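Okay, final.cif is below, mmCIF, N, CA and C atoms:
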```
data_coords
loop_
_atom_site.label_atom_id
_atom_site.label_comp_id
_atom_site.auth_asym_id
_atom_site.auth_seq_id
_atom_site.Cartn_x
_atom_site.Cartn_y
_atom_site.Cartn_z
N MET T 1 0.86 -1.17 0.00
CA MET T 1 0.00 0.00 0.00
C MET T 1 0.91 1.23 0.00
N SER T 2 0.54 2.23 -0.76
CA SER T 2 1.40 3.40 -0.85
C SER T 2 1.27 4.28 0.38
N ALA T 3 2.35 4.97 0.69
CA ALA T 3 2.37 5.87 1.85
C ALA T 3 1.33 6.98 1.69
N GLU T 4 1.07 7.39 0.47
CA GLU T 4 0.08 8.45 0.22
C GLU T 4 -1.32 8.00 0.64
N VAL T 5 -1.67 6.77 0.33
CA VAL T 5 -2.98 6.24 0.71
C VAL T 5 -3.08 6.13 2.23
N VAL T 6 -2.01 5.67 2.87
CA VAL T 6 -2.00 5.56 4.33
C VAL T 6 -2.21 6.94 4.95
N ARG T 7 -1.49 7.94 4.49
CA ARG T 7 -1.63 9.31 5.03
C ARG T 7 -3.05 9.84 4.83
N LEU T 8 -3.70 9.46 3.75
CA LEU T 8 -5.06 9.91 3.48
C LEU T 8 -6.05 9.37 4.50
N PHE T 9 -5.95 8.08 4.83
CA PHE T 9 -6.91 7.43 5.72
C PHE T 9 -6.51 7.45 7.19
N GLN T 10 -5.26 7.66 7.50
CA GLN T 10 -4.77 7.58 8.88
C GLN T 10 -5.55 8.47 9.86
N PRO T 11 -5.91 9.71 9.52
CA PRO T 11 -6.65 10.55 10.48
C PRO T 11 -8.03 10.01 10.85
N LEU T 12 -8.55 9.07 10.10
CA LEU T 12 -9.89 8.53 10.38
C LEU T 12 -9.87 7.47 11.48
N PHE T 13 -8.70 7.05 11.92
CA PHE T 13 -8.57 5.95 12.88
C PHE T 13 -7.73 6.37 14.08
N ASP T 14 -7.99 5.76 15.23
CA ASP T 14 -7.22 6.04 16.45
C ASP T 14 -5.82 5.43 16.38
N ALA T 15 -5.68 4.34 15.64
CA ALA T 15 -4.39 3.65 15.56
C ALA T 15 -4.21 3.06 14.17
N THR T 16 -2.96 2.87 13.82
CA THR T 16 -2.64 2.16 12.59
C THR T 16 -1.67 1.02 12.94
N VAL T 17 -1.69 -0.01 12.12
CA VAL T 17 -0.83 -1.17 12.33
C VAL T 17 0.15 -1.27 11.17
N GLU T 18 1.40 -1.43 11.51
CA GLU T 18 2.46 -1.62 10.52
C GLU T 18 2.86 -3.09 10.58
N LEU T 19 3.00 -3.72 9.44
CA LEU T 19 3.39 -5.13 9.37
C LEU T 19 4.73 -5.26 8.68
N ARG T 20 5.49 -6.29 9.09
CA ARG T 20 6.76 -6.60 8.43
C ARG T 20 6.99 -8.10 8.46
N VAL T 21 7.72 -8.57 7.47
CA VAL T 21 8.17 -9.96 7.45
C VAL T 21 9.65 -9.93 7.78
N ASP T 22 10.02 -10.66 8.83
CA ASP T 22 11.40 -10.67 9.31
C ASP T 22 11.87 -12.11 9.41
N GLY T 23 12.65 -12.55 8.45
CA GLY T 23 13.14 -13.92 8.46
C GLY T 23 12.04 -14.96 8.38
N GLY T 24 10.97 -14.66 7.69
CA GLY T 24 9.86 -15.60 7.57
C GLY T 24 8.79 -15.43 8.63
N ASP T 25 9.05 -14.62 9.66
CA ASP T 25 8.06 -14.36 10.72
C ASP T 25 7.33 -13.06 10.42
N LEU T 26 6.05 -13.02 10.75
CA LEU T 26 5.25 -11.81 10.56
C LEU T 26 5.15 -11.08 11.89
N ASP T 27 5.52 -9.80 11.89
CA ASP T 27 5.48 -8.96 13.09
C ASP T 27 4.55 -7.78 12.85
N GLN T 28 4.06 -7.21 13.96
CA GLN T 28 3.19 -6.04 13.89
C GLN T 28 3.68 -4.98 14.86
N ARG T 29 3.44 -3.72 14.51
CA ARG T 29 3.77 -2.59 15.37
C ARG T 29 2.61 -1.62 15.27
N TRP T 30 2.12 -1.18 16.43
CA TRP T 30 0.96 -0.30 16.50
C TRP T 30 1.40 1.14 16.72
N HIS T 31 0.72 2.07 16.02
CA HIS T 31 0.95 3.50 16.18
C HIS T 31 -0.36 4.14 16.66
N PHE T 32 -0.34 4.74 17.87
CA PHE T 32 -1.51 5.39 18.45
C PHE T 32 -1.34 6.90 18.32
N ARG T 33 -2.12 7.51 17.44
CA ARG T 33 -1.95 8.92 17.10
C ARG T 33 -2.16 9.86 18.27
N ASP T 34 -3.27 9.68 19.02
CA ASP T 34 -3.62 10.63 20.07
C ASP T 34 -2.62 10.65 21.22
N ARG T 35 -1.88 9.58 21.39
CA ARG T 35 -0.92 9.51 22.50
C ARG T 35 0.52 9.59 22.01
N ASN T 36 0.70 9.76 20.70
CA ASN T 36 2.05 9.80 20.13
C ASN T 36 2.88 8.62 20.65
N LEU T 37 2.29 7.43 20.55
CA LEU T 37 2.87 6.21 21.11
C LEU T 37 2.99 5.15 20.02
N THR T 38 4.12 4.48 20.00
CA THR T 38 4.35 3.37 19.07
C THR T 38 4.81 2.17 19.87
N SER T 39 4.19 1.02 19.62
CA SER T 39 4.57 -0.21 20.33
C SER T 39 5.88 -0.76 19.78
N ASP T 40 6.43 -1.71 20.51
CA ASP T 40 7.55 -2.49 19.99
C ASP T 40 7.02 -3.42 18.91
N TRP T 41 7.91 -4.04 18.16
CA TRP T 41 7.51 -5.05 17.20
C TRP T 41 7.04 -6.28 17.96
N LEU T 42 5.86 -6.79 17.63
CA LEU T 42 5.27 -7.95 18.30
C LEU T 42 4.96 -9.02 17.26
N PRO T 43 5.14 -10.29 17.62
CA PRO T 43 4.83 -11.35 16.65
C PRO T 43 3.33 -11.46 16.43
N VAL T 44 2.95 -11.75 15.21
CA VAL T 44 1.55 -12.03 14.89
C VAL T 44 1.36 -13.52 15.10
N GLY T 45 0.38 -13.88 15.93
CA GLY T 45 0.15 -15.30 16.22
C GLY T 45 -0.28 -16.07 14.99
N LYS T 46 0.09 -17.32 14.95
CA LYS T 46 -0.30 -18.19 13.84
C LYS T 46 -1.70 -18.71 14.10
N PRO T 47 -2.55 -18.77 13.07
CA PRO T 47 -3.91 -19.29 13.26
C PRO T 47 -3.87 -20.76 13.68
N SER T 48 -4.83 -21.14 14.53
CA SER T 48 -4.85 -22.54 14.97
C SER T 48 -5.78 -23.38 14.14
#
```

Take the structure from the file and write it as structure tokens.
Amino acid sequence: MSAEVVRLFQPLFDATVELRVDGGDLDQRWHFRDRNLTSDWLPVGKPS
């Protein structure tokens, strides 16, 4: 997804989620706009 599209929709939500693939593992990082807070990278659980 392009950064321009993200910037367009980001103000409509309290938080955004960033995803990355790191060595075959999927991680997530949350950005909370109102608190200017970003989480650490966290693993995305595998479906059971």

- Task: Pick out the closest residue to T:Gly45 from this set: T:Val21, T:Val6, T:Leu26, T:Leu12. Count only N, CA and C atoms.
- Result: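 Checking each of T:Val21, T:Val6, T:Leu26, T:Leu12 against T:Gly45, counting only N, CA and C atoms, the winner is T:Leu26.
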
- Run DSSP on the backbone of this structure and report the residues of chain T it assigns to strand (DSSP E), as a PyMOL selection string. chain T and resi 15-22+25-32+37-38+42-43

What would the file look like if the residues just selected were written as a short mmCIF file (atom, residue, chain, number, x, y, z; two decimals), in the frame of the given file with N, CA and C atoms?
```cif
data_model
loop_
_atom_site.label_atom_id
_atom_site.label_comp_id
_atom_site.auth_asym_id
_atom_site.auth_seq_id
_atom_site.Cartn_x
_atom_site.Cartn_y
_atom_site.Cartn_z
N ALA T 15 -5.68 4.34 15.64
CA ALA T 15 -4.39 3.65 15.56
C ALA T 15 -4.21 3.06 14.17
N THR T 16 -2.96 2.87 13.82
CA THR T 16 -2.64 2.16 12.59
C THR T 16 -1.67 1.02 12.94
N VAL T 17 -1.69 -0.01 12.12
CA VAL T 17 -0.83 -1.17 12.33
C VAL T 17 0.15 -1.27 11.17
N GLU T 18 1.40 -1.43 11.51
CA GLU T 18 2.46 -1.62 10.52
C GLU T 18 2.86 -3.09 10.58
N LEU T 19 3.00 -3.72 9.44
CA LEU T 19 3.39 -5.13 9.37
C LEU T 19 4.73 -5.26 8.68
N ARG T 20 5.49 -6.29 9.09
CA ARG T 20 6.76 -6.60 8.43
C ARG T 20 6.99 -8.10 8.46
N VAL T 21 7.72 -8.57 7.47
CA VAL T 21 8.17 -9.96 7.45
C VAL T 21 9.65 -9.93 7.78
N ASP T 22 10.02 -10.66 8.83
CA ASP T 22 11.40 -10.67 9.31
C ASP T 22 11.87 -12.11 9.41
N ASP T 25 9.05 -14.62 9.66
CA ASP T 25 8.06 -14.36 10.72
C ASP T 25 7.33 -13.06 10.42
N LEU T 26 6.05 -13.02 10.75
CA LEU T 26 5.25 -11.81 10.56
C LEU T 26 5.15 -11.08 11.89
N ASP T 27 5.52 -9.80 11.89
CA ASP T 27 5.48 -8.96 13.09
C ASP T 27 4.55 -7.78 12.85
N GLN T 28 4.06 -7.21 13.96
CA GLN T 28 3.19 -6.04 13.89
C GLN T 28 3.68 -4.98 14.86
N ARG T 29 3.44 -3.72 14.51
CA ARG T 29 3.77 -2.59 15.37
C ARG T 29 2.61 -1.62 15.27
N TRP T 30 2.12 -1.18 16.43
CA TRP T 30 0.96 -0.30 16.50
C TRP T 30 1.40 1.14 16.72
N HIS T 31 0.72 2.07 16.02
CA HIS T 31 0.95 3.50 16.18
C HIS T 31 -0.36 4.14 16.66
N PHE T 32 -0.34 4.74 17.87
CA PHE T 32 -1.51 5.39 18.45
C PHE T 32 -1.34 6.90 18.32
N LEU T 37 2.29 7.43 20.55
CA LEU T 37 2.87 6.21 21.11
C LEU T 37 2.99 5.15 20.02
N THR T 38 4.12 4.48 20.00
CA THR T 38 4.35 3.37 19.07
C THR T 38 4.81 2.17 19.87
N LEU T 42 5.86 -6.79 17.63
CA LEU T 42 5.27 -7.95 18.30
C LEU T 42 4.96 -9.02 17.26
N PRO T 43 5.14 -10.29 17.62
CA PRO T 43 4.83 -11.35 16.65
C PRO T 43 3.33 -11.46 16.43
#
```

- Give me, please, the distance in Å between atom N of T:Leu37 and atom N of T:Asp25, quoted to one decimal.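 Those two atoms sit 25.5 Å apart.
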
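Distance check against T:Ala15 using only N, CA and C atoms: of T:Asp34, T:Asp27, T:Ser39, T:Ala3, the minimum falls on T:Asp34.
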
- Message: Suppose a student applies the PyMOL selection byres (((chain T and resi 42 and name CA) around 6) and name CA) to this structure; what residues should they get, written as an NGL selection string?
- Response: :T and (27-28 or 41 or 43)

Can you spit out the residues from that selection as a short mmCIF file (atom, residue, chain, number, x, y, z; two decimals), keeping the file's coordinate frame, using N, CA and C atoms?
```cif
data_model
loop_
_atom_site.label_atom_id
_atom_site.label_comp_id
_atom_site.auth_asym_id
_atom_site.auth_seq_id
_atom_site.Cartn_x
_atom_site.Cartn_y
_atom_site.Cartn_z
N ASP T 27 5.52 -9.80 11.89
CA ASP T 27 5.48 -8.96 13.09
C ASP T 27 4.55 -7.78 12.85
N GLN T 28 4.06 -7.21 13.96
CA GLN T 28 3.19 -6.04 13.89
C GLN T 28 3.68 -4.98 14.86
N TRP T 41 7.91 -4.04 18.16
CA TRP T 41 7.51 -5.05 17.20
C TRP T 41 7.04 -6.28 17.96
N PRO T 43 5.14 -10.29 17.62
CA PRO T 43 4.83 -11.35 16.65
C PRO T 43 3.33 -11.46 16.43
#
```

- Note on the structure: atom CA of T:His31 sits from atom CA of T:Leu19 at a separation of 11.3 Å

- Task: Would you mind reading off the distance between atom CA of T:Thr38 and atom CA of T:Phe9, one decimal, in Å?
- Result: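 Interatomic distance, atom CA of T:Thr38 to atom CA of T:Phe9: 17.9 Å.
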
Let me have the centre and edge lengths in Å, one decimal, of the box along x, y and z around every listed atom of stretch 13-18 of chain T with 6 Å of margin on each side, as AutoDock Vina command-line options.
```
--center_x -2.9 --center_y 2.0 --center_z 13.5 --size_x 23.6 --size_y 22.1 --size_z 17.9
```
